[in-house]
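Chemist: Below is upload_13.txt; it holds compact mmCIF, N, CA and C atoms.
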# COMPACT_ATOMS: atom_id res chain seq x y z
N MET A 862 0.83 -1.19 0.00
CA MET A 862 0.00 0.00 0.00
C MET A 862 0.87 1.24 0.00
N GLY A 863 0.40 2.24 -0.66
CA GLY A 863 1.13 3.50 -0.73
C GLY A 863 0.67 4.45 0.37
N THR A 864 1.33 5.58 0.40
CA THR A 864 0.99 6.58 1.41
C THR A 864 -0.03 7.57 0.90
N HIS A 865 -0.46 7.39 -0.36
CA HIS A 865 -1.45 8.27 -0.96
C HIS A 865 -1.02 9.74 -0.92
N GLY A 866 0.24 9.98 -1.22
CA GLY A 866 0.74 11.35 -1.30
C GLY A 866 1.11 11.98 0.02
N THR A 867 0.95 11.27 1.10
CA THR A 867 1.29 11.82 2.41
C THR A 867 2.78 11.64 2.67
N GLU A 868 3.44 12.68 3.03
CA GLU A 868 4.86 12.58 3.39
C GLU A 868 4.99 12.56 4.90
N TRP A 869 5.81 11.67 5.39
CA TRP A 869 6.06 11.58 6.82
C TRP A 869 7.31 12.36 7.13
N GLN A 870 7.22 13.24 8.08
CA GLN A 870 8.38 14.01 8.49
C GLN A 870 8.77 13.59 9.89
N SER A 871 10.08 13.52 10.08
CA SER A 871 10.52 13.21 11.43
C SER A 871 10.40 14.47 12.26
N VAL A 872 9.83 14.35 13.42
CA VAL A 872 9.63 15.48 14.32
C VAL A 872 10.57 15.31 15.50
N SER A 873 11.39 16.32 15.72
CA SER A 873 12.28 16.23 16.88
C SER A 873 11.49 16.50 18.15
N PRO A 874 11.83 15.80 19.23
CA PRO A 874 11.09 16.02 20.48
C PRO A 874 11.32 17.43 21.01
N LEU A 875 10.31 17.95 21.66
CA LEU A 875 10.43 19.28 22.28
C LEU A 875 11.38 19.19 23.47
N PRO A 876 12.17 20.24 23.69
CA PRO A 876 13.06 20.20 24.85
C PRO A 876 12.26 20.24 26.15
N GLU A 877 12.80 19.61 27.17
CA GLU A 877 12.16 19.65 28.48
C GLU A 877 12.24 21.08 29.00
N LEU A 878 11.14 21.59 29.50
CA LEU A 878 11.08 22.97 29.94
C LEU A 878 11.16 23.09 31.45
N GLY A 879 11.85 24.11 31.90
CA GLY A 879 11.87 24.49 33.29
C GLY A 879 11.04 25.76 33.44
N GLN A 880 10.79 26.16 34.64
CA GLN A 880 10.06 27.41 34.87
C GLN A 880 10.62 28.11 36.08
N MET A 881 10.52 29.42 36.05
CA MET A 881 10.97 30.25 37.16
C MET A 881 10.16 31.53 37.16
N VAL A 882 10.22 32.25 38.26
CA VAL A 882 9.57 33.54 38.36
C VAL A 882 10.63 34.61 38.17
N CYS A 883 10.37 35.57 37.29
CA CYS A 883 11.31 36.66 37.04
C CYS A 883 11.58 37.40 38.34
N GLY A 884 12.83 37.68 38.62
CA GLY A 884 13.22 38.37 39.84
C GLY A 884 12.83 39.83 39.87
N THR A 885 12.47 40.40 38.73
CA THR A 885 12.09 41.81 38.68
C THR A 885 10.58 42.02 38.65
N CYS A 886 9.90 41.38 37.69
CA CYS A 886 8.47 41.66 37.51
C CYS A 886 7.56 40.53 37.97
N ARG A 887 8.14 39.41 38.44
CA ARG A 887 7.40 38.27 38.99
C ARG A 887 6.59 37.50 37.94
N THR A 888 6.90 37.66 36.66
CA THR A 888 6.25 36.91 35.59
C THR A 888 6.79 35.48 35.57
N LEU A 889 5.91 34.50 35.33
CA LEU A 889 6.35 33.12 35.20
C LEU A 889 7.00 32.96 33.84
N VAL A 890 8.24 32.47 33.83
CA VAL A 890 9.03 32.34 32.61
C VAL A 890 9.36 30.86 32.40
N PHE A 891 9.14 30.36 31.18
CA PHE A 891 9.50 29.00 30.82
C PHE A 891 10.78 29.04 30.00
N TYR A 892 11.62 28.03 30.15
CA TYR A 892 12.91 28.01 29.45
C TYR A 892 13.35 26.57 29.22
N PRO A 893 14.22 26.34 28.22
CA PRO A 893 14.73 24.99 28.01
C PRO A 893 15.67 24.60 29.16
N ARG A 894 15.49 23.41 29.71
CA ARG A 894 16.35 22.94 30.81
C ARG A 894 17.81 23.02 30.39
N GLY A 895 18.64 23.43 31.32
CA GLY A 895 20.07 23.54 31.06
C GLY A 895 20.52 24.93 30.69
N ALA A 896 19.58 25.84 30.41
CA ALA A 896 19.95 27.21 30.08
C ALA A 896 20.52 27.90 31.33
N PRO A 897 21.67 28.56 31.22
CA PRO A 897 22.25 29.22 32.39
C PRO A 897 21.56 30.54 32.76
N ARG A 898 20.98 31.19 31.76
CA ARG A 898 20.29 32.47 31.98
C ARG A 898 19.05 32.51 31.10
N VAL A 899 18.04 33.27 31.56
CA VAL A 899 16.78 33.38 30.83
C VAL A 899 16.36 34.84 30.80
N ARG A 900 15.95 35.32 29.62
CA ARG A 900 15.44 36.70 29.50
C ARG A 900 13.93 36.67 29.68
N CYS A 901 13.43 37.49 30.58
CA CYS A 901 11.99 37.59 30.82
C CYS A 901 11.31 38.18 29.60
N VAL A 902 10.20 37.57 29.18
CA VAL A 902 9.48 38.07 28.01
C VAL A 902 8.75 39.38 28.31
N SER A 903 8.47 39.66 29.57
CA SER A 903 7.72 40.87 29.92
C SER A 903 8.62 42.08 30.10
N CYS A 904 9.62 41.96 30.99
CA CYS A 904 10.43 43.14 31.33
C CYS A 904 11.84 43.09 30.75
N LYS A 905 12.19 42.00 30.09
CA LYS A 905 13.50 41.82 29.42
C LYS A 905 14.67 41.65 30.37
N THR A 906 14.42 41.48 31.67
CA THR A 906 15.49 41.23 32.63
C THR A 906 16.11 39.87 32.35
N ILE A 907 17.44 39.78 32.45
CA ILE A 907 18.12 38.50 32.31
C ILE A 907 18.25 37.91 33.70
N ASN A 908 17.65 36.73 33.89
CA ASN A 908 17.63 36.04 35.17
C ASN A 908 18.62 34.89 35.17
N LEU A 909 19.34 34.72 36.25
CA LEU A 909 20.23 33.58 36.44
C LEU A 909 19.39 32.37 36.81
N VAL A 910 19.61 31.26 36.13
CA VAL A 910 18.86 30.03 36.41
C VAL A 910 19.68 29.19 37.38
N LEU A 911 19.06 28.80 38.48
CA LEU A 911 19.70 27.92 39.45
C LEU A 911 19.00 26.58 39.43
N GLU A 912 19.76 25.51 39.48
CA GLU A 912 19.21 24.17 39.53
C GLU A 912 18.70 23.89 40.96
N ASP A 913 17.89 22.86 41.09
CA ASP A 913 17.30 22.53 42.39
C ASP A 913 18.34 22.36 43.49
N HIS A 914 19.47 21.75 43.17
CA HIS A 914 20.49 21.51 44.19
C HIS A 914 21.29 22.76 44.54
N GLN A 915 21.02 23.88 43.87
CA GLN A 915 21.72 25.14 44.14
C GLN A 915 20.86 26.13 44.91
N ILE A 916 19.67 25.71 45.30
CA ILE A 916 18.70 26.63 45.92
C ILE A 916 18.35 26.16 47.33
N GLY A 917 18.28 27.12 48.25
CA GLY A 917 17.82 26.84 49.60
C GLY A 917 16.49 27.52 49.84
N ASN A 918 15.78 27.10 50.86
CA ASN A 918 14.49 27.70 51.23
C ASN A 918 14.52 28.08 52.70
N VAL A 919 13.91 29.19 53.02
CA VAL A 919 13.79 29.65 54.40
C VAL A 919 12.52 30.50 54.49
N ASN A 920 11.87 30.50 55.63
CA ASN A 920 10.72 31.38 55.83
C ASN A 920 11.20 32.75 56.28
N CYS A 921 10.55 33.78 55.78
CA CYS A 921 10.87 35.15 56.16
C CYS A 921 10.71 35.29 57.67
N ALA A 922 11.68 35.93 58.32
CA ALA A 922 11.64 36.12 59.77
C ALA A 922 10.52 37.06 60.19
N ASN A 923 10.01 37.86 59.26
CA ASN A 923 8.98 38.83 59.60
C ASN A 923 7.58 38.36 59.20
N CYS A 924 7.37 38.01 57.93
CA CYS A 924 6.02 37.70 57.46
C CYS A 924 5.79 36.21 57.18
N GLU A 925 6.82 35.38 57.36
CA GLU A 925 6.71 33.93 57.23
C GLU A 925 6.53 33.40 55.81
N VAL A 926 6.60 34.26 54.78
CA VAL A 926 6.49 33.77 53.41
C VAL A 926 7.73 32.92 53.10
N LEU A 927 7.57 31.89 52.26
CA LEU A 927 8.68 31.03 51.90
C LEU A 927 9.59 31.75 50.91
N LEU A 928 10.86 31.83 51.22
CA LEU A 928 11.85 32.49 50.38
C LEU A 928 12.81 31.47 49.80
N MET A 929 13.27 31.70 48.58
CA MET A 929 14.30 30.87 47.97
C MET A 929 15.56 31.71 47.84
N TYR A 930 16.71 31.07 47.99
CA TYR A 930 17.98 31.79 47.88
C TYR A 930 19.05 30.86 47.35
N PRO A 931 20.10 31.41 46.72
CA PRO A 931 21.19 30.55 46.26
C PRO A 931 22.01 30.09 47.45
N TYR A 932 22.38 28.80 47.48
CA TYR A 932 23.20 28.29 48.57
C TYR A 932 24.44 29.15 48.74
N GLY A 933 24.79 29.40 49.98
CA GLY A 933 25.96 30.21 50.29
C GLY A 933 25.62 31.65 50.62
N ALA A 934 24.40 32.09 50.29
CA ALA A 934 24.00 33.46 50.61
C ALA A 934 23.83 33.59 52.12
N PRO A 935 24.43 34.62 52.74
CA PRO A 935 24.30 34.77 54.18
C PRO A 935 22.94 35.33 54.61
N LYS A 936 22.29 36.09 53.72
CA LYS A 936 21.01 36.73 54.03
C LYS A 936 20.16 36.76 52.78
N VAL A 937 18.85 36.89 52.98
CA VAL A 937 17.93 37.03 51.85
C VAL A 937 16.90 38.10 52.19
N LYS A 938 16.58 38.93 51.19
CA LYS A 938 15.60 39.99 51.38
C LYS A 938 14.24 39.51 50.88
N CYS A 939 13.23 39.68 51.70
CA CYS A 939 11.88 39.25 51.37
C CYS A 939 11.29 40.18 50.30
N SER A 940 10.72 39.59 49.27
CA SER A 940 10.12 40.39 48.21
C SER A 940 8.75 40.95 48.60
N CYS A 941 8.18 40.44 49.69
CA CYS A 941 6.86 40.92 50.13
C CYS A 941 6.97 42.07 51.13
N CYS A 942 7.72 41.84 52.22
CA CYS A 942 7.79 42.85 53.29
C CYS A 942 9.14 43.57 53.33
N HIS A 943 10.09 43.14 52.51
CA HIS A 943 11.41 43.76 52.38
C HIS A 943 12.31 43.63 53.60
N SER A 944 11.96 42.74 54.53
CA SER A 944 12.85 42.53 55.68
C SER A 944 13.97 41.58 55.27
N ILE A 945 15.04 41.59 56.03
CA ILE A 945 16.21 40.76 55.77
C ILE A 945 16.20 39.58 56.74
N THR A 946 16.35 38.38 56.20
CA THR A 946 16.40 37.17 57.03
C THR A 946 17.80 36.58 56.94
N ASP A 947 18.40 36.30 58.08
CA ASP A 947 19.71 35.65 58.15
C ASP A 947 19.51 34.18 57.84
N VAL A 948 20.20 33.67 56.83
CA VAL A 948 20.05 32.25 56.47
C VAL A 948 21.31 31.46 56.77
N GLY A 949 22.24 32.04 57.50
CA GLY A 949 23.51 31.38 57.80
C GLY A 949 23.35 30.00 58.40
N MET A 950 22.42 29.80 59.29
CA MET A 950 22.26 28.50 59.94
C MET A 950 21.58 27.49 59.02
N TYR A 951 20.96 27.92 57.93
CA TYR A 951 20.30 27.00 57.00
C TYR A 951 21.22 26.53 55.88
N ASN A 952 22.35 27.21 55.70
CA ASN A 952 23.26 26.85 54.60
C ASN A 952 23.94 25.56 54.96
Will you turn the file into structure tokens for me?

Modeler:
Amino acid sequence: MGTHGTEWQSVSPLPELGQMVCGTCRTLVFYPRGAPRVRCVSCKTINLVLEDHQIGNVNCANCEVLLMYPYGAPKVKCSCCHSITDVGMYN
């Protein structure tokens, strides 16, 4: 049997996507896994991409919101209430 004029094209698989929130405008940004930096589509800020094993979590000392920070950072500033939380004991 023939293909009746239909051509089959090989389709390459889509890259696995990661997601992050822009550090400037808080827009959700999708990017191909493995990219070291990502430009936000909304505000054009270039964001550094950190892998899961490079990120720590701590609750804000003032408002209790969950904060993410790069491992090794001594302090993190809350994006909600702008207070500074010491993360030294969590590193």

Chemist: Can you tell me, as a tab-separated table (two decimals) with N, CA and C atoms, in the coordinates of the input, what residues are no more than 12 Å from A:Val902 when counting only C-alpha atoms, ignoring any on the same chain fewer than 6 positions away?

Modeler:
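As a result, part.tsv now contains:
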chain	number	residue	atom	x	y	z
A	882	VAL	N	10.22	32.25	38.26
A	882	VAL	CA	9.57	33.54	38.36
A	882	VAL	C	10.63	34.61	38.17
A	883	CYS	N	10.37	35.57	37.29
A	883	CYS	CA	11.31	36.66	37.04
A	883	CYS	C	11.58	37.40	38.34
A	885	THR	N	12.47	40.40	38.73
A	885	THR	CA	12.09	41.81	38.68
A	885	THR	C	10.58	42.02	38.65
A	886	CYS	N	9.90	41.38	37.69
A	886	CYS	CA	8.47	41.66	37.51
A	886	CYS	C	7.56	40.53	37.97
A	887	ARG	N	8.14	39.41	38.44
A	887	ARG	CA	7.40	38.27	38.99
A	887	ARG	C	6.59	37.50	37.94
A	888	THR	N	6.90	37.66	36.66
A	888	THR	CA	6.25	36.91	35.59
A	888	THR	C	6.79	35.48	35.57
A	889	LEU	N	5.91	34.50	35.33
A	889	LEU	CA	6.35	33.12	35.20
A	889	LEU	C	7.00	32.96	33.84
A	890	VAL	N	8.24	32.47	33.83
A	890	VAL	CA	9.03	32.34	32.61
A	890	VAL	C	9.36	30.86	32.40
A	891	PHE	N	9.14	30.36	31.18
A	891	PHE	CA	9.50	29.00	30.82
A	891	PHE	C	10.78	29.04	30.00
A	892	TYR	N	11.62	28.03	30.15
A	892	TYR	CA	12.91	28.01	29.45
A	892	TYR	C	13.35	26.57	29.22
A	908	ASN	N	17.65	36.73	33.89
A	908	ASN	CA	17.63	36.04	35.17
A	908	ASN	C	18.62	34.89	35.17

Chemist: Using only N, CA and C atoms, which residue out of A:Cys904, A:Pro931, A:Glu877, A:Cys924 lies closest to A:His943?

Modeler: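 Residue with the minimum atom-to-atom distance to A:His943: A:Cys924.
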
Chemist: Any idea what the distance is between atom C of A:Thr906 and atom C of A:Gly884?

Modeler: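 Separation of atom C of A:Thr906 and atom C of A:Gly884: 8.2 Å.
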
Chemist: So how many Å separate atom CA of A:Tyr930 and atom CA of A:Pro876, to one decimal?

Modeler: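 So the answer is 26.2 Å.
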
Chemist: So which residues of chain A fall under strand (DSSP E) by DSSP, listed as a PyMOL selection string?

Modeler: chain A and resi 878-882+889-893+898-900+907-909+916-920+927-931+936-938+945-947

Chemist: Provide stretch 908-926 of chain A rebuilt to N, CA, C and O atoms, formatted as a compact mmCIF listing (two decimals), in the coordinates of the input.

Modeler:
# COMPACT_ATOMS: atom_id res chain seq x y z
N ASN A 908 17.65 36.73 33.89
CA ASN A 908 17.63 36.04 35.17
C ASN A 908 18.62 34.89 35.17
O ASN A 908 18.70 34.14 34.20
N LEU A 909 19.34 34.72 36.25
CA LEU A 909 20.23 33.58 36.44
C LEU A 909 19.39 32.37 36.81
O LEU A 909 18.55 32.45 37.70
N VAL A 910 19.61 31.26 36.13
CA VAL A 910 18.86 30.03 36.41
C VAL A 910 19.68 29.19 37.38
O VAL A 910 20.84 28.90 37.14
N LEU A 911 19.06 28.80 38.48
CA LEU A 911 19.70 27.92 39.45
C LEU A 911 19.00 26.58 39.43
O LEU A 911 17.78 26.51 39.36
N GLU A 912 19.76 25.51 39.48
CA GLU A 912 19.21 24.17 39.53
C GLU A 912 18.70 23.89 40.96
O GLU A 912 19.08 24.57 41.90
N ASP A 913 17.89 22.86 41.09
CA ASP A 913 17.30 22.53 42.39
C ASP A 913 18.34 22.36 43.49
O ASP A 913 18.11 22.76 44.63
N HIS A 914 19.47 21.75 43.17
CA HIS A 914 20.49 21.51 44.19
C HIS A 914 21.29 22.76 44.54
O HIS A 914 22.13 22.73 45.42
N GLN A 915 21.02 23.88 43.87
CA GLN A 915 21.72 25.14 44.14
C GLN A 915 20.86 26.13 44.91
O GLN A 915 21.26 27.25 45.13
N ILE A 916 19.67 25.71 45.30
CA ILE A 916 18.70 26.63 45.92
C ILE A 916 18.35 26.16 47.33
O ILE A 916 18.14 24.99 47.57
N GLY A 917 18.28 27.12 48.25
CA GLY A 917 17.82 26.84 49.60
C GLY A 917 16.49 27.52 49.84
O GLY A 917 16.10 28.43 49.10
N ASN A 918 15.78 27.10 50.86
CA ASN A 918 14.49 27.70 51.23
C ASN A 918 14.52 28.08 52.70
O ASN A 918 15.08 27.36 53.52
N VAL A 919 13.91 29.19 53.02
CA VAL A 919 13.79 29.65 54.40
C VAL A 919 12.52 30.50 54.49
O VAL A 919 12.14 31.14 53.50
N ASN A 920 11.87 30.50 55.63
CA ASN A 920 10.72 31.38 55.83
C ASN A 920 11.20 32.75 56.28
O ASN A 920 12.13 32.86 57.09
N CYS A 921 10.55 33.78 55.78
CA CYS A 921 10.87 35.15 56.16
C CYS A 921 10.71 35.29 57.67
O CYS A 921 9.71 34.84 58.25
N ALA A 922 11.68 35.93 58.32
CA ALA A 922 11.64 36.12 59.77
C ALA A 922 10.52 37.06 60.19
O ALA A 922 10.09 37.04 61.34
N ASN A 923 10.01 37.86 59.26
CA ASN A 923 8.98 38.83 59.60
C ASN A 923 7.58 38.36 59.20
O ASN A 923 6.68 38.29 60.04
N CYS A 924 7.37 38.01 57.93
CA CYS A 924 6.02 37.70 57.46
C CYS A 924 5.79 36.21 57.18
O CYS A 924 4.69 35.84 56.77
N GLU A 925 6.82 35.38 57.36
CA GLU A 925 6.71 33.93 57.23
C GLU A 925 6.53 33.40 55.81
O GLU A 925 6.32 32.22 55.62
N VAL A 926 6.60 34.26 54.78
CA VAL A 926 6.49 33.77 53.41
C VAL A 926 7.73 32.92 53.10
O VAL A 926 8.81 33.17 53.63
